[in-house]
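Chemist: One structure coming up, written as structure tokens, with questions to follow.
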Amino acid sequence: MNTSLKTTSLHQWHKDAGANMADFGGFDMPLWYDTGVKNEHLAVLKSAGIFDTSHMACINVTGKDSFTLLNYCFTRDISSLLTGRCVYGAFLDTRGYCIDDAIVYKFTDTRFMVCVNAGMGGVIAEHLESQKNKMDVLIEDLSGKIAKMDIQGKNSAKILSKLIKNPKSVFDKMPYFSFKGHFKNEADQSPVTLLDGTPVLLSRSGYTGEFGFEIFLDLSAIVTLWKDILIAGEEYGIAACGLGARDSLRAGACLPLSHQDIGHWKFTNHPWDFALPYTREKQRFTKDFLGSKALVPAKNDPFILPFVGENLRKVNAGEATQVLDQTDESIGHVLTCATDMGIDFLDGKIVSINTPDLSENLKIKGISCGFVMVSKQIDPGVKLTLKEGKRSIKVTIVTDIRPDRTARKKLDNFI
């Protein structure tokens, strides 16, 4: 292990569990365990899996002008964001390039929290500081001060209900992209506590495209909770999952990997238009925000497009893997290529292991999927070739990938 890498509170547990570890965002993180990426991926689709996400960072933004600052720096219009709700978006620079994508949580009209990616706490905190001028705002980088883990899959609520106080009231009226509680004892928040009294912030924002929760809590409490969840979820076949399964689940859910599918280019011409404050007709934005003027379409702007392969064969991501059009002209490169082991083709359409009324004899084998960056718009249904040296696969541009995802379904379906 590179001794310069940071570690999470669960690092020793990962090593003891035999995890394959690697550098991710400056942290020594598990890629997969002995169970393997395929089984970890399928555990989430069939039942539940847990992820160590303590490498991510949080920033508290408080004060009279906190809304004004965030609404200018963040791509989403948070003027209608309700207390107890959260929203996905991005922070851009003046060129319209994405610095990082993030989720903003609203506690009160003057108090917000921003959750960003590994190693980005200080970067986004400094970015906000550079824009606040004389605004009445306090920006507190919480990097390394709190822990975070995610439990994903349709049995997540059943497992958590064994470990939190008053689960019925906690899960009552908890829609998609909402949260309850806090990771400290806070008088102004609806408390969510573990059975031992540990306060947590519990949110559900569809990290994998599937139903589940994100849990923020004190650093000293996460190892115990992690172990307790594995015990509580044993009857459901819960699995500890690494970053490999995270990548394949997110790719299958048509969700971006930070600094890979969104990065050092203009935050436009991608499948995540919901992260921009478009009007209903998508002719303009509902507000002015940092970087918005640079998002005016230009001739050389690239296009980020989702694709699916013909089977589970895949290629490596990176600029060395070319995207060839139907005339064999190179028009770009591959950003992400993963295999969603929970999907397959049936009568020319993609189905998931969660698709209703599938034949019990249907064997789901998996399909490669991901995102390409190309120099021109390609319509859905058009076939391309991804070429890596002598290896090549045929893919089709699509608008979505894994069907019958559960993240948006009402919580009542899973109790």
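Residue numbering restarts at 1 in every chain; chains get A, B, ... in the order shown in the structure tokens, and ligands count up from 1 in that same order.
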Can you pull out the residues contacting Ala239 (chain A)? Cut-off 8 Å, using only C-alpha atoms, and skip same-chain residues under 4 positions away; I want them as a PDB file with C-alpha atoms, in the first residue's frame.
Modeler:
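This is the output file part-v4.pdb:
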```pdb
ATOM      1  CA  GLU A  40     -21.751  -7.931  -5.401  1.00  0.00           C
ATOM      2  CA  ALA A  43     -26.682  -8.741  -4.506  1.00  0.00           C
ATOM      3  CA  VAL A  44     -27.825  -5.127  -4.842  1.00  0.00           C
ATOM      4  CA  ALA A  48     -28.999  -5.588  -0.633  1.00  0.00           C
ATOM      5  CA  GLY A  49     -25.389  -4.515  -0.557  1.00  0.00           C
ATOM      6  CA  ILE A  50     -23.338  -2.055   1.486  1.00  0.00           C
ATOM      7  CA  LEU A 230     -23.977  -7.400   7.802  1.00  0.00           C
TER       8      LEU A 230
END
```
Chemist: Any idea what's packed within 9 Å of Gly291 (chain A), counting only C-alpha atoms, ignoring anything in its chain fewer than 2 positions away? Could you give it as number ranges by chain?
Modeler: A: 73, 75, 91-97, 288-289, 293-295
Chemist: Taking the DSSP secondary structure from the backbone, can you list the residues of region 180-337 of chain A that are strand (DSSP E or B), as a ChimeraX atom specification?
Modeler: /A:180-181,193-194,199,201-204,212-218,239-241,258,262,266,278,285,303-309,318-324,330-337
Chemist: Could the residues of region 216-250 of chain A that have an atom at most 10 Å from region 341-365 of chain A be listed as a Markdown table, each with its closest atom pair and the distance in Å to one decimal, counting only C-alpha atoms and ordered by chain and ascending residue number?
Modeler:
```
| residue | atom | partner | partner_atom | distance |
| --- | --- | --- | --- | --- |
| A:Ala245 | CA | A:Met341 | CA | 9.8 |
| A:Ser248 | CA | A:Met341 | CA | 8.2 |
| A:Leu249 | CA | A:Met341 | CA | 8.8 |
```
Chemist: What's the 7 Å shell around Glu210 (chain A), counting only C-alpha atoms, without same-chain residues fewer than 3 positions away, as an MDAnalysis selection string?
Modeler: chainID A and resid 152:153 206 405:407
Chemist: Write the residues you've just listed into a file as a PDB file, in the first residue's frame, and include N, CA, C and O atoms for each of them.
Modeler:
```pdb
ATOM      1  N   GLN A 152     -27.845  -0.382  -0.271  1.00  0.00           N
ATOM      2  CA  GLN A 152     -28.630  -0.298  -1.491  1.00  0.00           C
ATOM      3  C   GLN A 152     -29.284  -1.634  -1.805  1.00  0.00           C
ATOM      4  O   GLN A 152     -28.701  -2.699  -1.586  1.00  0.00           O
ATOM      5  N   GLY A 153     -30.486  -1.575  -2.346  1.00  0.00           N
ATOM      6  CA  GLY A 153     -31.209  -2.775  -2.715  1.00  0.00           C
ATOM      7  C   GLY A 153     -32.556  -2.846  -2.024  1.00  0.00           C
ATOM      8  O   GLY A 153     -32.807  -2.189  -1.018  1.00  0.00           O
ATOM      9  N   GLY A 206     -30.707   7.231  -4.430  1.00  0.00           N
ATOM     10  CA  GLY A 206     -30.529   6.380  -5.601  1.00  0.00           C
ATOM     11  C   GLY A 206     -29.111   6.263  -6.103  1.00  0.00           C
ATOM     12  O   GLY A 206     -28.849   6.326  -7.305  1.00  0.00           O
ATOM     13  N   ARG A 405     -35.702  -0.107 -12.690  1.00  0.00           N
ATOM     14  CA  ARG A 405     -34.921   0.276 -11.519  1.00  0.00           C
ATOM     15  C   ARG A 405     -35.872   0.671 -10.388  1.00  0.00           C
ATOM     16  O   ARG A 405     -37.000   1.105 -10.614  1.00  0.00           O
ATOM     17  N   THR A 406     -35.389   0.539  -9.164  1.00  0.00           N
ATOM     18  CA  THR A 406     -36.272   0.679  -8.002  1.00  0.00           C
ATOM     19  C   THR A 406     -36.076   1.958  -7.199  1.00  0.00           C
ATOM     20  O   THR A 406     -36.827   2.212  -6.259  1.00  0.00           O
ATOM     21  N   ALA A 407     -35.076   2.779  -7.536  1.00  0.00           N
ATOM     22  CA  ALA A 407     -34.731   3.934  -6.691  1.00  0.00           C
ATOM     23  C   ALA A 407     -35.902   4.870  -6.453  1.00  0.00           C
ATOM     24  O   ALA A 407     -36.060   5.410  -5.356  1.00  0.00           O
TER      25      ALA A 407
END
```
Chemist: Report as a PDB file with C-alpha atoms, in the first residue's frame: the residues of region 132-325 of chain A with a DSSP assignment of helix (DSSP H, G or I), based on the backbone of this structure.
Modeler:
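Listing of states_12.pdb after writing:
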```
ATOM      1  CA  LYS A 132     -19.001  34.634  -1.562  1.00  0.00           C
ATOM      2  CA  SER A 156     -32.420  -2.116   2.650  1.00  0.00           C
ATOM      3  CA  ALA A 157     -35.328  -0.788   4.718  1.00  0.00           C
ATOM      4  CA  LYS A 158     -36.088  -4.196   6.217  1.00  0.00           C
ATOM      5  CA  ILE A 159     -32.466  -4.535   7.325  1.00  0.00           C
ATOM      6  CA  LEU A 160     -32.201  -0.991   8.683  1.00  0.00           C
ATOM      7  CA  PRO A 167     -38.308   2.712  12.109  1.00  0.00           C
ATOM      8  CA  LYS A 168     -41.979   3.147  11.237  1.00  0.00           C
ATOM      9  CA  SER A 169     -41.910   6.904  11.936  1.00  0.00           C
ATOM     10  CA  VAL A 170     -38.484   7.302  10.328  1.00  0.00           C
ATOM     11  CA  PHE A 171     -39.599   5.677   7.082  1.00  0.00           C
ATOM     12  CA  LEU A 219     -16.356   8.377  12.576  1.00  0.00           C
ATOM     13  CA  SER A 220     -16.247   6.307  15.750  1.00  0.00           C
ATOM     14  CA  ALA A 221     -19.558   4.570  15.028  1.00  0.00           C
ATOM     15  CA  ILE A 222     -19.268   3.316  11.454  1.00  0.00           C
ATOM     16  CA  VAL A 223     -17.326   0.087  12.035  1.00  0.00           C
ATOM     17  CA  THR A 224     -19.911  -1.135  14.538  1.00  0.00           C
ATOM     18  CA  LEU A 225     -22.804  -0.165  12.260  1.00  0.00           C
ATOM     19  CA  TRP A 226     -21.145  -1.827   9.244  1.00  0.00           C
ATOM     20  CA  LYS A 227     -20.780  -5.097  11.169  1.00  0.00           C
ATOM     21  CA  ASP A 228     -24.290  -4.843  12.606  1.00  0.00           C
ATOM     22  CA  ILE A 229     -25.799  -4.343   9.146  1.00  0.00           C
ATOM     23  CA  LEU A 230     -23.977  -7.400   7.802  1.00  0.00           C
ATOM     24  CA  ILE A 231     -25.372  -9.472  10.691  1.00  0.00           C
ATOM     25  CA  ALA A 232     -28.888  -8.028  10.344  1.00  0.00           C
ATOM     26  CA  GLU A 234     -27.406 -12.111   6.665  1.00  0.00           C
ATOM     27  CA  GLU A 235     -30.852 -13.672   6.249  1.00  0.00           C
ATOM     28  CA  TYR A 236     -31.307 -11.535   3.110  1.00  0.00           C
ATOM     29  CA  LEU A 243     -16.044   0.228  -6.207  1.00  0.00           C
ATOM     30  CA  GLY A 244     -16.224  -2.288  -9.062  1.00  0.00           C
ATOM     31  CA  ALA A 245     -19.872  -3.029  -8.324  1.00  0.00           C
ATOM     32  CA  ARG A 246     -20.529   0.650  -7.739  1.00  0.00           C
ATOM     33  CA  ASP A 247     -19.215   1.425 -11.227  1.00  0.00           C
ATOM     34  CA  SER A 248     -21.180  -1.331 -12.957  1.00  0.00           C
ATOM     35  CA  LEU A 249     -24.404  -0.508 -11.102  1.00  0.00           C
ATOM     36  CA  ARG A 250     -24.143   3.208 -11.869  1.00  0.00           C
ATOM     37  CA  ALA A 251     -23.273   2.597 -15.518  1.00  0.00           C
ATOM     38  CA  GLY A 252     -26.278   0.281 -15.848  1.00  0.00           C
ATOM     39  CA  ASP A 273     -30.073  17.354 -18.399  1.00  0.00           C
ATOM     40  CA  PHE A 274     -31.968  17.134 -15.091  1.00  0.00           C
ATOM     41  CA  ALA A 275     -28.815  18.551 -13.433  1.00  0.00           C
ATOM     42  CA  SER A 292     -24.180  29.274 -17.429  1.00  0.00           C
ATOM     43  CA  LYS A 293     -23.118  31.795 -20.075  1.00  0.00           C
ATOM     44  CA  ALA A 294     -20.420  29.394 -21.288  1.00  0.00           C
ATOM     45  CA  LEU A 295     -22.971  26.621 -21.903  1.00  0.00           C
TER      46      LEU A 295
END
```
Chemist: Figure out the distance between CA of Asp340 (chain A) and CA of Gln326 (chain A), please, to one decimal in Å.
Modeler: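 CA of Asp340 (chain A) lies 25.2 Å from CA of Gln326 (chain A).
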Chemist: Counting only C-alpha atoms, figure out which residue out of A:Lys387, A:His55, A:His264, A:Lys410 gets nearest to Lys173 (chain A).
Modeler: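 Checking each of A:Lys387, A:His55, A:His264, A:Lys410 against Lys173 (chain A), counting only C-alpha atoms, the winner is A:Lys410.
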Chemist: Can you work out which one of A:Cys254, A:Ile415, A:Val87, A:Leu69 has the shortest atom-to-atom distance to Arg402 (chain A), counting only C-alpha atoms?
Modeler: A:Cys254
Chemist: Env of region 310-319 of chain A: 9 Å cut, atoms = only C-alpha atoms, seq-sep filter 2 positions within chain, self excluded. Answer as JSON, numbers by chain.
Modeler: {"A": [308, 321, 322, 332, 333, 334, 335, 336, 337, 338, 339, 340, 341, 344, 345, 365, 366, 367, 368, 369, 372, 386, 387, 388, 391, 392, 393, 394, 395, 396]}
